[in-house]
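Structure file model28.txt; described as compact mmCIF, C-alpha atoms (C1' of nucleotides).
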# COMPACT_ATOMS: atom_id res chain seq x y z
CA MET K 1 0.00 0.00 0.00
CA ARG K 2 2.58 2.50 -1.06
CA LEU K 3 3.72 4.46 -4.07
CA THR K 4 6.33 2.62 -6.09
CA ARG K 5 9.72 4.06 -6.73
CA ALA K 6 8.76 4.52 -10.36
CA GLY K 7 5.78 6.62 -9.34
CA GLU K 8 7.91 8.71 -7.04
CA TYR K 9 10.46 9.23 -9.80
CA ALA K 10 7.75 10.25 -12.24
CA VAL K 11 6.58 12.91 -9.83
CA ARG K 12 10.12 14.16 -9.35
CA CYS K 13 10.66 14.22 -13.09
CA VAL K 14 7.57 16.32 -13.70
CA MET K 15 8.44 18.60 -10.79
CA CYS K 16 11.84 19.15 -12.31
CA LEU K 17 10.43 19.92 -15.74
CA ALA K 18 7.78 22.19 -14.31
CA ARG K 19 10.32 24.14 -12.34
CA ASN K 20 12.73 24.50 -15.19
CA GLY K 21 10.66 26.37 -17.68
CA GLY K 22 7.46 24.36 -17.71
CA THR K 23 6.12 23.69 -21.16
CA GLU K 24 8.55 26.15 -22.66
CA SER K 25 11.90 24.42 -22.41
CA VAL K 26 13.63 21.10 -22.91
CA VAL K 27 15.66 19.47 -20.13
CA SER K 28 18.04 16.63 -20.89
CA ARG K 29 17.60 13.24 -19.30
CA GLN K 30 20.90 13.60 -17.50
CA ASP K 31 19.82 16.84 -15.94
CA VAL K 32 16.46 15.51 -14.84
CA ALA K 33 18.14 12.42 -13.43
CA ALA K 34 20.61 14.50 -11.47
CA CYS K 35 17.89 16.87 -10.30
CA GLY K 36 15.63 14.11 -9.04
CA ASP K 37 18.26 11.61 -7.97
CA ILE K 38 16.92 9.08 -10.46
CA PRO K 39 18.95 6.33 -12.17
CA SER K 40 19.32 7.67 -15.66
CA HIS K 41 18.28 4.56 -17.57
CA PHE K 42 15.38 3.96 -15.26
CA LEU K 43 14.24 7.49 -15.97
CA ALA K 44 14.28 6.67 -19.65
CA LYS K 45 11.59 4.07 -19.17
CA ILE K 46 9.56 6.30 -16.91
CA ALA K 47 9.75 9.12 -19.43
CA GLN K 48 8.50 6.82 -22.15
CA GLN K 49 5.39 6.09 -20.14
CA LEU K 50 4.83 9.74 -19.35
CA SER K 51 5.23 10.42 -23.05
CA ARG K 52 2.68 7.79 -24.05
CA ALA K 53 0.30 9.38 -21.57
CA GLY K 54 0.76 12.71 -23.29
CA ILE K 55 2.26 14.38 -20.23
CA ILE K 56 5.69 15.04 -21.68
CA GLU K 57 7.29 15.13 -25.07
CA ILE K 58 10.56 13.35 -25.77
CA LEU K 59 13.03 15.00 -28.09
CA GLN K 60 15.69 12.78 -29.59
CA GLY K 61 19.11 13.61 -30.90
CA ALA K 62 21.70 16.08 -29.76
CA LYS K 63 20.23 18.67 -27.39
CA GLY K 64 17.31 16.34 -26.95
CA GLY K 65 15.52 15.71 -23.70
CA TYR K 66 12.11 16.08 -22.16
CA ARG K 67 9.55 18.83 -22.35
CA LEU K 68 6.35 19.17 -20.36
CA LEU K 69 3.28 19.14 -22.60
CA VAL K 70 0.69 20.01 -19.97
CA ALA K 71 0.76 23.28 -18.06
CA PRO K 72 1.56 22.76 -14.37
CA GLU K 73 -1.75 24.43 -13.52
CA LYS K 74 -3.61 21.72 -15.40
CA LEU K 75 -1.55 18.74 -14.30
CA SER K 76 -2.45 16.88 -11.11
CA LEU K 77 -0.49 14.43 -9.00
CA LEU K 78 -3.14 11.85 -9.75
CA THR K 79 -2.66 12.15 -13.49
CA VAL K 80 1.09 11.62 -13.27
CA ILE K 81 0.90 8.80 -10.79
CA GLU K 82 -1.80 6.89 -12.61
CA ALA K 83 0.09 7.32 -15.86
CA MET K 84 2.87 5.36 -14.19
CA ILE K 85 1.22 2.74 -12.06
CA GLY K 86 -2.25 2.51 -13.53
CA GLU K 87 -5.45 3.36 -11.76
CA ILE K 88 -4.94 3.65 -8.03
CA PHE K 89 -6.66 1.12 -5.84
CA LEU K 90 -6.15 -0.11 -2.33
CA ASN K 91 -7.47 -3.63 -2.50
CA ASP K 92 -7.56 -6.12 -5.34
CA CYS K 93 -11.28 -6.64 -5.00
CA VAL K 94 -11.90 -3.08 -6.12
CA VAL K 95 -10.54 -3.67 -9.60
CA ARG K 96 -10.68 -7.46 -9.84
CA PRO K 97 -14.02 -8.61 -8.45
CA GLU K 98 -13.08 -12.19 -9.26
CA SER K 99 -10.36 -12.05 -6.62
CA CYS K 100 -13.09 -12.37 -4.00
CA HIS K 101 -16.23 -14.34 -4.59
CA ALA K 102 -18.37 -11.84 -2.74
CA SER K 103 -17.03 -8.47 -3.88
CA LEU K 104 -20.22 -7.07 -5.27
CA SER K 105 -22.23 -7.52 -2.13
CA CYS K 106 -19.36 -7.06 0.30
CA ALA K 107 -19.38 -4.40 2.98
CA VAL K 108 -15.59 -4.39 3.20
CA ASN K 109 -15.33 -3.91 -0.52
CA LYS K 110 -17.52 -0.83 -0.23
CA VAL K 111 -15.13 0.66 2.29
CA TRP K 112 -12.20 0.12 -0.03
CA MET K 113 -14.10 1.67 -2.91
CA GLN K 114 -14.87 4.70 -0.83
CA ALA K 115 -11.33 5.01 0.47
CA ARG K 116 -9.98 4.74 -3.04
CA ASP K 117 -12.32 7.43 -4.33
CA GLN K 118 -11.34 9.70 -1.48
CA LEU K 119 -7.66 9.19 -2.14
CA ARG K 120 -7.99 9.77 -5.87
CA GLN K 121 -9.91 12.93 -5.22
CA THR K 122 -7.24 14.21 -2.86
CA LEU K 123 -4.50 13.59 -5.41
CA ALA K 124 -6.58 15.03 -8.22
CA GLY K 125 -6.87 18.25 -6.26
CA VAL K 126 -3.15 18.85 -6.15
CA THR K 127 -1.64 20.47 -9.23
CA PHE K 128 2.04 20.84 -9.92
CA ALA K 129 1.59 24.58 -10.02
CA LYS K 130 0.43 24.38 -6.43
CA LEU K 131 3.36 22.18 -5.48
CA LEU K 132 5.80 24.56 -7.11
CA GLN K 133 4.66 27.38 -4.91
CA GLU K 134 6.21 25.53 -2.00
CA GLU K 135 9.48 23.77 -1.49
CA SER K 136 10.23 20.75 -3.62
CA CYS K 137 11.78 17.33 -3.60
CA CYS K 138 14.48 18.06 -6.13
CA ILE K 139 18.09 18.35 -5.16
CA LEU K 140 18.42 21.59 -7.00
CA GLN K 141 16.02 23.62 -4.96
CA GLY K 142 16.06 26.99 -6.62
CA ASP K 143 18.50 26.37 -9.38
CA LYS K 144 17.17 26.54 -12.84
CA PHE K 145 18.89 24.92 -15.70
CA PRO K 146 19.93 27.49 -18.30
CA THR K 147 17.40 27.92 -21.05
CA GLN K 148 18.41 27.50 -24.65
CA ASP K 149 18.89 31.22 -25.05
CA GLU K 150 20.90 31.50 -21.87
CA LYS K 151 23.12 28.68 -23.00
CA ASN K 152 23.77 30.33 -26.29
CA ALA K 153 24.48 33.68 -24.75
CA MET M 154 -0.46 0.89 -3.32
CA ARG M 155 -2.74 -1.95 -2.39
CA LEU M 156 -3.68 -4.19 0.50
CA THR M 157 -1.59 -7.33 0.55
CA ARG M 158 -3.17 -10.73 0.42
CA ALA M 159 -2.20 -11.25 4.04
CA GLY M 160 -4.09 -8.14 5.04
CA GLU M 161 -7.13 -9.21 3.10
CA TYR M 162 -7.00 -12.64 4.72
CA ALA M 163 -6.71 -11.12 8.17
CA VAL M 164 -9.86 -9.11 7.55
CA ARG M 165 -11.68 -12.20 6.31
CA CYS M 166 -10.50 -14.16 9.32
CA VAL M 167 -11.79 -11.58 11.76
CA MET M 168 -15.05 -11.26 9.84
CA CYS M 169 -15.51 -14.98 10.08
CA LEU M 170 -14.83 -15.05 13.81
CA ALA M 171 -17.04 -12.05 14.41
CA ARG M 172 -19.91 -13.65 12.57
CA ASN M 173 -19.57 -17.01 14.21
CA GLY M 174 -20.13 -16.12 17.83
CA GLY M 175 -17.85 -13.14 18.24
CA THR M 176 -15.81 -13.26 21.42
CA GLU M 177 -17.90 -16.13 22.73
CA SER M 178 -16.86 -19.08 20.62
CA VAL M 179 -13.89 -20.83 19.12
CA VAL M 180 -13.64 -21.56 15.40
CA SER M 181 -11.07 -24.03 14.10
CA ARG M 182 -8.42 -22.95 11.65
CA GLN M 183 -9.85 -25.29 9.04
CA ASP M 184 -13.24 -23.69 9.31
CA VAL M 185 -11.90 -20.17 9.13
CA ALA M 186 -9.75 -21.14 6.16
CA ALA M 187 -12.71 -22.64 4.35
CA CYS M 188 -14.93 -19.73 5.27
CA GLY M 189 -12.51 -17.13 4.00
CA ASP M 190 -10.94 -19.11 1.18
CA ILE M 191 -7.54 -18.83 2.83
CA PRO M 192 -4.67 -21.33 2.51
CA SER M 193 -4.74 -23.07 5.85
CA HIS M 194 -1.05 -22.83 6.71
CA PHE M 195 -0.89 -19.26 5.58
CA LEU M 196 -3.76 -18.53 7.90
CA ALA M 197 -1.72 -20.00 10.72
CA LYS M 198 0.89 -17.30 10.32
CA ILE M 199 -1.67 -14.59 9.97
CA ALA M 200 -3.43 -15.76 13.11
CA GLN M 201 -0.17 -15.66 15.00
CA GLN M 202 0.24 -12.02 14.15
CA LEU M 203 -3.33 -11.22 15.07
CA SER M 204 -2.71 -13.05 18.31
CA ARG M 205 0.43 -11.07 19.10
CA ALA M 206 -1.56 -7.92 18.47
CA GLY M 207 -4.12 -9.05 21.03
CA ILE M 208 -6.93 -9.24 18.51
CA ILE M 209 -7.53 -12.97 18.73
CA GLU M 210 -6.67 -15.81 21.07
CA ILE M 211 -5.25 -19.07 19.77
CA LEU M 212 -6.34 -22.29 21.46
CA GLN M 213 -4.16 -25.31 20.89
CA GLY M 214 -5.02 -28.98 20.97
CA ALA M 215 -8.08 -30.91 19.93
CA LYS M 216 -11.04 -28.62 19.51
CA GLY M 217 -8.61 -25.77 19.36
CA GLY M 218 -8.88 -22.81 17.07
CA TYR M 219 -9.26 -19.08 17.18
CA ARG M 220 -11.37 -16.81 19.31
CA LEU M 221 -11.93 -13.11 18.94
CA LEU M 222 -10.67 -11.16 21.94
CA VAL M 223 -12.02 -7.76 21.00
CA ALA M 224 -15.72 -7.09 20.60
CA PRO M 225 -16.64 -6.35 16.98
CA GLU M 226 -18.01 -2.99 18.11
CA LYS M 227 -14.57 -2.01 19.34
CA LEU M 228 -12.50 -3.44 16.52
CA SER M 229 -11.78 -1.34 13.45
CA LEU M 230 -10.54 -2.30 10.01
CA LEU M 231 -7.51 -0.12 10.63
CA THR M 232 -6.53 -2.05 13.74
CA VAL M 233 -6.65 -5.40 11.99
CA ILE M 234 -4.89 -4.24 8.86
CA GLU M 235 -2.11 -2.44 10.66
CA ALA M 236 -1.62 -5.46 12.90
CA MET M 237 -0.80 -7.36 9.74
CA ILE M 238 1.09 -4.98 7.53
CA GLY M 239 2.34 -2.34 9.91
CA GLU M 240 1.38 1.28 9.89
CA ILE M 241 -0.26 2.27 6.65
CA PHE M 242 1.50 4.73 4.43
CA LEU M 243 1.31 5.62 0.78
CA ASN M 244 4.82 6.80 0.05
CA ASP M 245 8.15 5.82 1.52
CA CYS M 246 9.05 9.39 2.34
CA VAL M 247 6.26 9.51 4.91
CA VAL M 248 7.88 6.94 7.16
CA ARG M 249 11.47 7.02 5.92
CA PRO M 250 12.50 10.64 5.46
CA GLU M 251 15.97 9.50 4.43
CA SER M 252 14.48 7.96 1.28
CA CYS M 253 14.22 11.47 -0.11
CA HIS M 254 16.69 14.17 0.77
CA ALA M 255 14.01 16.82 0.88
CA SER M 256 11.13 15.14 2.70
CA LEU M 257 10.86 17.56 5.54
CA SER M 258 10.39 20.61 3.40
CA CYS M 259 8.68 18.88 0.52
CA ALA M 260 5.26 19.90 -0.69
CA VAL M 261 4.62 16.49 -2.22
CA ASN M 262 5.48 14.83 1.04
CA LYS M 263 2.86 16.93 2.76
CA VAL M 264 0.23 15.69 0.36
CA TRP M 265 1.15 12.09 1.08
CA MET M 266 1.03 12.72 4.80
CA GLN M 267 -2.40 14.22 4.48
CA ALA M 268 -3.67 11.44 2.23
CA ARG M 269 -2.35 8.84 4.65
CA ASP M 270 -4.03 10.48 7.61
CA GLN M 271 -7.28 10.65 5.73
CA LEU M 272 -7.11 7.00 4.76
CA ARG M 273 -6.27 5.87 8.26
CA GLN M 274 -9.14 7.88 9.63
CA THR M 275 -11.54 6.31 7.17
CA LEU M 276 -10.45 2.81 8.09
CA ALA M 277 -10.49 3.60 11.78
CA GLY M 278 -14.12 4.62 11.48
CA VAL M 279 -15.26 1.24 10.24
CA THR M 280 -15.87 -1.38 12.92
CA PHE M 281 -16.51 -5.05 12.30
CA ALA M 282 -19.87 -4.70 13.99
CA LYS M 283 -20.79 -2.22 11.29
CA LEU M 284 -19.53 -4.52 8.56
CA LEU M 285 -21.49 -7.43 9.96
CA GLN M 286 -24.71 -5.53 9.60
CA GLU M 287 -24.27 -5.80 5.87
CA GLU M 288 -23.30 -8.58 3.56
CA SER M 289 -19.83 -10.00 3.93
CA CYS M 290 -16.89 -11.39 2.04
CA CYS M 291 -16.96 -14.81 3.63
CA ILE M 292 -18.32 -17.83 1.88
CA LEU M 293 -20.08 -18.95 5.01
CA GLN M 294 -23.00 -16.78 5.91
CA GLY M 295 -23.86 -18.82 8.94
CA ASP M 296 -22.18 -22.08 9.80
CA LYS M 297 -22.34 -23.85 6.48
CA PHE M 298 -21.60 -23.35 2.83
CA PRO M 299 -24.71 -22.25 0.99
CA THR M 300 -25.24 -23.97 -2.32
CA GLN M 301 -25.96 -21.98 -5.41
CA ASP M 302 -29.62 -22.98 -5.11
CA GLU M 303 -29.79 -21.82 -1.54
CA LYS M 304 -28.23 -18.55 -2.53
CA ASN M 305 -30.80 -18.06 -5.26
CA ALA M 306 -33.70 -19.09 -3.09
C1' DA I 307 30.53 12.73 -40.91
C1' DC I 308 30.53 13.08 -36.01
C1' DA I 309 29.08 13.71 -31.44
C1' DA I 310 25.36 13.80 -28.40
C1' DT I 311 21.25 12.07 -27.13
C1' DT I 312 17.16 9.10 -26.59
C1' DA I 313 14.39 4.45 -28.04
C1' DA I 314 13.48 -0.03 -27.16
C1' DG I 315 13.69 -3.89 -24.91
C1' DA I 316 16.37 -7.83 -23.14
C1' DC I 317 18.45 -9.10 -19.06
C1' DA I 318 19.82 -9.29 -14.13
C1' DT I 319 19.12 -8.33 -9.41
C1' DT I 320 16.69 -7.51 -5.40
C1' DT I 321 12.81 -7.34 -2.59
C1' DT I 322 8.35 -8.63 -1.30
C1' DT I 323 4.73 -11.64 -1.07
C1' DT I 324 2.68 -15.91 -0.96
C1' DG I 325 2.52 -20.47 0.02
C1' DT I 326 4.23 -25.21 1.81
C1' DC I 327 6.38 -28.38 4.69
C1' DT I 328 8.30 -30.45 8.82
C1' DT I 329 8.99 -31.20 13.61
C1' DA I 330 7.34 -30.18 18.08
C1' DT I 331 3.77 -29.27 21.37
C1' DA I 332 -0.84 -28.90 23.48
C1' DT I 333 -5.57 -30.62 24.50
C1' DA I 334 -9.74 -33.53 24.67
C1' DA I 335 -11.58 -37.79 25.03
C1' DA I 336 -11.64 -42.81 24.92
C1' DT Y 337 -2.32 -43.31 29.37
C1' DT Y 338 -2.85 -43.43 24.69
C1' DT Y 339 -4.61 -41.66 20.55
C1' DA Y 340 -6.52 -38.41 17.48
C1' DT Y 341 -6.90 -33.74 16.52
C1' DA Y 342 -5.24 -29.26 16.68
C1' DT Y 343 -1.98 -25.42 16.52
C1' DA Y 344 3.25 -23.39 17.07
C1' DA Y 345 7.19 -22.09 15.02
C1' DG Y 346 10.00 -21.34 11.63
C1' DA Y 347 12.72 -23.07 7.68
C1' DC Y 348 12.17 -23.39 3.02
C1' DA Y 349 10.42 -22.73 -1.79
C1' DA Y 350 8.06 -20.45 -5.37
C1' DA Y 351 6.14 -16.66 -7.54
C1' DA Y 352 5.52 -12.01 -8.43
C1' DA Y 353 6.77 -7.33 -8.54
C1' DA Y 354 9.95 -3.73 -8.54
C1' DT Y 355 14.26 -1.84 -9.55
C1' DG Y 356 18.16 -1.25 -12.07
C1' DT Y 357 21.64 -2.15 -16.02
C1' DC Y 358 23.16 -2.91 -20.52
C1' DT Y 359 23.33 -3.19 -25.51
C1' DT Y 360 22.10 -2.05 -30.14
C1' DA Y 361 19.75 1.11 -33.02
C1' DA Y 362 17.84 5.44 -34.37
C1' DT Y 363 17.62 10.47 -34.34
C1' DT Y 364 19.24 15.21 -34.43
C1' DG Y 365 22.30 19.36 -34.24
C1' DT Y 366 26.73 21.08 -35.64
What is this file in structure tokens?
Amino acid sequence: MRLTRAGEYAVRCVMCLARNGGTESVVSRQDVAACGDIPSHFLAKIAQQLSRAGIIEILQGAKGGYRLLVAPEKLSLLTVIEAMIGEIFLNDCVVRPESCHASLSCAVNKVWMQARDQLRQTLAGVTFAKLLQEESCCILQGDKFPTQDEKNA
Amino acid sequence: MRLTRAGEYAVRCVMCLARNGGTESVVSRQDVAACGDIPSHFLAKIAQQLSRAGIIEILQGAKGGYRLLVAPEKLSLLTVIEAMIGEIFLNDCVVRPESCHASLSCAVNKVWMQARDQLRQTLAGVTFAKLLQEESCCILQGDKFPTQDEKNA
DNA sequence: ACAATTAAGACATTTTTTGTCTTATATAAA
DNA sequence: TTTATATAAGACAAAAAATGTCTTAATTGT
């Protein structure tokens, strides 16, 4: 009953992108990995899932990297997490009724359904814009990576 | 982010005991296992943990079995689940701040803390007495297995 | 062309969970 | 007291899930 490492990394990745220019700039995988303390190759797989979910865009080639596709104001924790680990649930019987012969008429099952809905709602209510207003999990607290223009300058 | 099988089994076990006489009677491991569709030897280990937590009493020898020690009105889902899987949490950083260098000042961490508290509160509010008033997850409604015909009748 | 960068996915490792088995012990009843 | 019926305790095995690494190929900017 806990968030997987992959889910945590996905959140860190998006936090990092949101902080460093949001939908406007590209951050390399290396930089995101360093920022979020994420194994670089593991991040690659996570990014691919975030990309398939339409949350980020992956740019190949030299000067490639990741770019946020959704504005931090419109992106919730729930969206990112469920893109990584699938729909959140707290007990098997909520998503796989066949795992318990009585799910449909079960009082315990109803509690888990309710708890799940409550949790999803809580996470849906938290946007990355909101999170950015406070401190963050990244190593580089305030530091921004140089934008393309700044690099060229 | 889901209840383990062991946790689910523990809930079924307590439900079964609560239904079959509550704190007044002893139910054999075999019967509880059949009732809750739980591997018998696995149940043994689960029962031992419930016993250590003071939730049930284990009676050895012929006619031995398990007996509920806490009245269903005073026993919550949270108590049983946490007896099995430890304190509930949704993200590592909530219980192991060292898993993320920024936990203490992290906005995401705060969300997980809040979500955890909310979930625990929900589960704490559900007693087994309440659950018993409705349908249940156990195969055995009373003392025997209902056939399909009996169910339909 | 070359250097930098990610894609894709196979592979390995580790951790967690689930389940089984064996030997020992306790209890009820004949 | 002996026997049948239970559980205790924990070693062991198997399965599943999560995490991490590596290799080959493709893409892009200079």
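Distance annotation: of K:Lys74, K:Glu57, K:Ala6, K:Ser25, the residue with the minimal separation from K:Pro39 is K:Ala6; atom set is all atoms listed in the file.
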- Query: Relative to chain K, what is the Cα RMSD of chain M after a least-squares superposition using every Cα atom paired in order?
  - Reply: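 After superposition, the RMSD is 5.4 Å.
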Write out, as CSV, each residue of chain K that has an atom at most 8 Å from chain I, together with the closest pair of atoms and their distance in Å to one decimal, counting all atoms listed in the file, rows going by chain and rising number.
residue,atom,partner,partner_atom,distance
K:Ala44,CA,I:DT312,C1',7.9
K:Ile58,CA,I:DT312,C1',7.9
K:Leu59,CA,I:DT312,C1',7.4
K:Gln60,CA,I:DT312,C1',5.0
K:Gly61,CA,I:DT311,C1',4.6
K:Ala62,CA,I:DA310,C1',4.5
K:Lys63,CA,I:DT311,C1',6.7
K:Gly64,CA,I:DT311,C1',5.8
K:Gly65,CA,I:DT312,C1',7.4
- Message: Just the number, please: distance in Å from atom CA of K:Val70 to atom CA of K:Ala53, one decimal.
- Response: 10.8 Å
Could you please select, counting all atoms listed in the file, the residues of chain Y within 12 Å of chain K and state them as an mmCIF file with C-alpha atoms (C1' of nucleotides), keeping the file's coordinate frame?
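Done, and the output landed in result_38.cif:
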data_model
loop_
_atom_site.group_PDB
_atom_site.id
_atom_site.type_symbol
_atom_site.label_atom_id
_atom_site.label_comp_id
_atom_site.auth_asym_id
_atom_site.auth_seq_id
_atom_site.Cartn_x
_atom_site.Cartn_y
_atom_site.Cartn_z
ATOM 1 C "C1'" DA Y 353 6.770 -7.330 -8.540
ATOM 2 C "C1'" DA Y 354 9.950 -3.730 -8.540
ATOM 3 C "C1'" DT Y 355 14.260 -1.840 -9.550
ATOM 4 C "C1'" DG Y 356 18.160 -1.250 -12.070
ATOM 5 C "C1'" DT Y 357 21.640 -2.150 -16.020
ATOM 6 C "C1'" DC Y 358 23.160 -2.910 -20.520
ATOM 7 C "C1'" DA Y 362 17.840 5.440 -34.370
ATOM 8 C "C1'" DT Y 363 17.620 10.470 -34.340
ATOM 9 C "C1'" DT Y 364 19.240 15.210 -34.430
ATOM 10 C "C1'" DG Y 365 22.300 19.360 -34.240
ATOM 11 C "C1'" DT Y 366 26.730 21.080 -35.640
#
At a cut-off of 10 Å, can you tabulate as JSON lines every residue of chain M near chain K together with its closest atom pair and the distance in Å to one decimal, using only C-alpha atoms and ordering rows by chain then number?
{"residue": "M:Met154", "atom": "CA", "partner": "K:Met1", "partner_atom": "CA", "distance": 3.5}
{"residue": "M:Arg155", "atom": "CA", "partner": "K:Leu90", "partner_atom": "CA", "distance": 3.9}
{"residue": "M:Leu156", "atom": "CA", "partner": "K:Asn91", "partner_atom": "CA", "distance": 4.9}
{"residue": "M:Thr157", "atom": "CA", "partner": "K:Met1", "partner_atom": "CA", "distance": 7.5}
{"residue": "M:Arg158", "atom": "CA", "partner": "K:Asp92", "partner_atom": "CA", "distance": 8.6}
{"residue": "M:Gly160", "atom": "CA", "partner": "K:Asn91", "partner_atom": "CA", "distance": 9.4}
{"residue": "M:Glu161", "atom": "CA", "partner": "K:Asn91", "partner_atom": "CA", "distance": 7.9}
{"residue": "M:Val164", "atom": "CA", "partner": "K:Val108", "partner_atom": "CA", "distance": 8.6}
{"residue": "M:Arg165", "atom": "CA", "partner": "K:Val108", "partner_atom": "CA", "distance": 9.3}
{"residue": "M:Met168", "atom": "CA", "partner": "K:Val108", "partner_atom": "CA", "distance": 9.6}
{"residue": "M:Gly189", "atom": "CA", "partner": "K:Cys100", "partner_atom": "CA", "distance": 9.3}
{"residue": "M:Asp190", "atom": "CA", "partner": "K:Cys100", "partner_atom": "CA", "distance": 8.8}
{"residue": "M:Leu230", "atom": "CA", "partner": "K:Val108", "partner_atom": "CA", "distance": 8.7}
{"residue": "M:Ile238", "atom": "CA", "partner": "K:Met1", "partner_atom": "CA", "distance": 9.1}
{"residue": "M:Ile241", "atom": "CA", "partner": "K:Met1", "partner_atom": "CA", "distance": 7.0}
{"residue": "M:Phe242", "atom": "CA", "partner": "K:Arg2", "partner_atom": "CA", "distance": 6.0}
{"residue": "M:Leu243", "atom": "CA", "partner": "K:Arg2", "partner_atom": "CA", "distance": 3.8}
{"residue": "M:Asn244", "atom": "CA", "partner": "K:Leu3", "partner_atom": "CA", "distance": 4.9}
{"residue": "M:Asp245", "atom": "CA", "partner": "K:Arg2", "partner_atom": "CA", "distance": 7.0}
{"residue": "M:Cys246", "atom": "CA", "partner": "K:Glu8", "partner_atom": "CA", "distance": 9.5}
{"residue": "M:Val247", "atom": "CA", "partner": "K:Arg2", "partner_atom": "CA", "distance": 9.9}
{"residue": "M:Cys253", "atom": "CA", "partner": "K:Cys137", "partner_atom": "CA", "distance": 7.2}
{"residue": "M:His254", "atom": "CA", "partner": "K:Cys137", "partner_atom": "CA", "distance": 7.3}
{"residue": "M:Ala255", "atom": "CA", "partner": "K:Cys137", "partner_atom": "CA", "distance": 5.0}
{"residue": "M:Ser256", "atom": "CA", "partner": "K:Cys137", "partner_atom": "CA", "distance": 6.7}
{"residue": "M:Leu257", "atom": "CA", "partner": "K:Cys137", "partner_atom": "CA", "distance": 9.2}
{"residue": "M:Ser258", "atom": "CA", "partner": "K:Glu135", "partner_atom": "CA", "distance": 5.9}
{"residue": "M:Cys259", "atom": "CA", "partner": "K:Ser136", "partner_atom": "CA", "distance": 4.8}
{"residue": "M:Ala260", "atom": "CA", "partner": "K:Leu131", "partner_atom": "CA", "distance": 5.6}
{"residue": "M:Val261", "atom": "CA", "partner": "K:Leu131", "partner_atom": "CA", "distance": 6.7}
{"residue": "M:Asn262", "atom": "CA", "partner": "K:Cys137", "partner_atom": "CA", "distance": 8.2}
{"residue": "M:Lys263", "atom": "CA", "partner": "K:Leu131", "partner_atom": "CA", "distance": 9.8}
{"residue": "M:Val264", "atom": "CA", "partner": "K:Leu123", "partner_atom": "CA", "distance": 7.8}
{"residue": "M:Trp265", "atom": "CA", "partner": "K:Leu123", "partner_atom": "CA", "distance": 8.7}
{"residue": "M:Gln267", "atom": "CA", "partner": "K:Thr122", "partner_atom": "CA", "distance": 8.8}
{"residue": "M:Ala268", "atom": "CA", "partner": "K:Leu119", "partner_atom": "CA", "distance": 6.3}
{"residue": "M:Arg269", "atom": "CA", "partner": "K:Leu119", "partner_atom": "CA", "distance": 8.6}
{"residue": "M:Gln271", "atom": "CA", "partner": "K:Leu119", "partner_atom": "CA", "distance": 8.0}
{"residue": "M:Leu272", "atom": "CA", "partner": "K:Ala115", "partner_atom": "CA", "distance": 6.3}
{"residue": "M:Arg273", "atom": "CA", "partner": "K:Ala115", "partner_atom": "CA", "distance": 9.3}
{"residue": "M:Gln274", "atom": "CA", "partner": "K:Ala115", "partner_atom": "CA", "distance": 9.8}
{"residue": "M:Thr275", "atom": "CA", "partner": "K:Ala115", "partner_atom": "CA", "distance": 6.8}
{"residue": "M:Leu276", "atom": "CA", "partner": "K:Val111", "partner_atom": "CA", "distance": 7.8}
{"residue": "M:Val279", "atom": "CA", "partner": "K:Val111", "partner_atom": "CA", "distance": 8.0}
{"residue": "M:Phe281", "atom": "CA", "partner": "K:Val108", "partner_atom": "CA", "distance": 9.2}
{"residue": "M:Lys283", "atom": "CA", "partner": "K:Ala107", "partner_atom": "CA", "distance": 8.7}
{"residue": "M:Leu284", "atom": "CA", "partner": "K:Ala107", "partner_atom": "CA", "distance": 5.6}
{"residue": "M:Leu285", "atom": "CA", "partner": "K:Ala107", "partner_atom": "CA", "distance": 7.9}
{"residue": "M:Gln286", "atom": "CA", "partner": "K:Ala107", "partner_atom": "CA", "distance": 8.6}
{"residue": "M:Glu287", "atom": "CA", "partner": "K:Ala107", "partner_atom": "CA", "distance": 5.9}
{"residue": "M:Glu288", "atom": "CA", "partner": "K:Cys106", "partner_atom": "CA", "distance": 5.3}
{"residue": "M:Ser289", "atom": "CA", "partner": "K:Cys106", "partner_atom": "CA", "distance": 4.7}
{"residue": "M:Cys290", "atom": "CA", "partner": "K:Ala102", "partner_atom": "CA", "distance": 5.0}
{"residue": "M:Cys291", "atom": "CA", "partner": "K:Ala102", "partner_atom": "CA", "distance": 7.2}
{"residue": "M:Ile292", "atom": "CA", "partner": "K:Ala102", "partner_atom": "CA", "distance": 7.6}
- Grab the atom CA of M:Pro250 to atom CA of K:Ile38 distance for me, in Å with one decimal place.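 Between atom CA of M:Pro250 and atom CA of K:Ile38 the gap is 16.6 Å.
Between atom CA of M:Gly278 and atom CA of M:Arg220 there is a distance of 23.0 Å.
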- Query: Using all atoms listed in the file, which residue out of K:Ala47, K:Ala71, K:Ala10, K:Ala124 lies closest to K:Ser28?
  - Reply: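 Looking at the shortest contact to K:Ser28, the residue is K:Ala47.
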- Task: Go through M:Ser229, M:Gln183, M:Ser252, M:Gln201 and flag the residue nearest Y:DA345, using all atoms listed in the file for the distances.
- Result: M:Gln201
If I wrap all listed atoms of stretch 339-342 of chain Y in a box with edges along x, y and z and add 5 Å on each side, what are its centre and edge lengths in Å to one decimal, as lines of an AutoDock Vina configuration file?
center_x = -5.8
center_y = -35.5
center_z = 18.5
size_x = 12.3
size_y = 22.4
size_z = 14.0
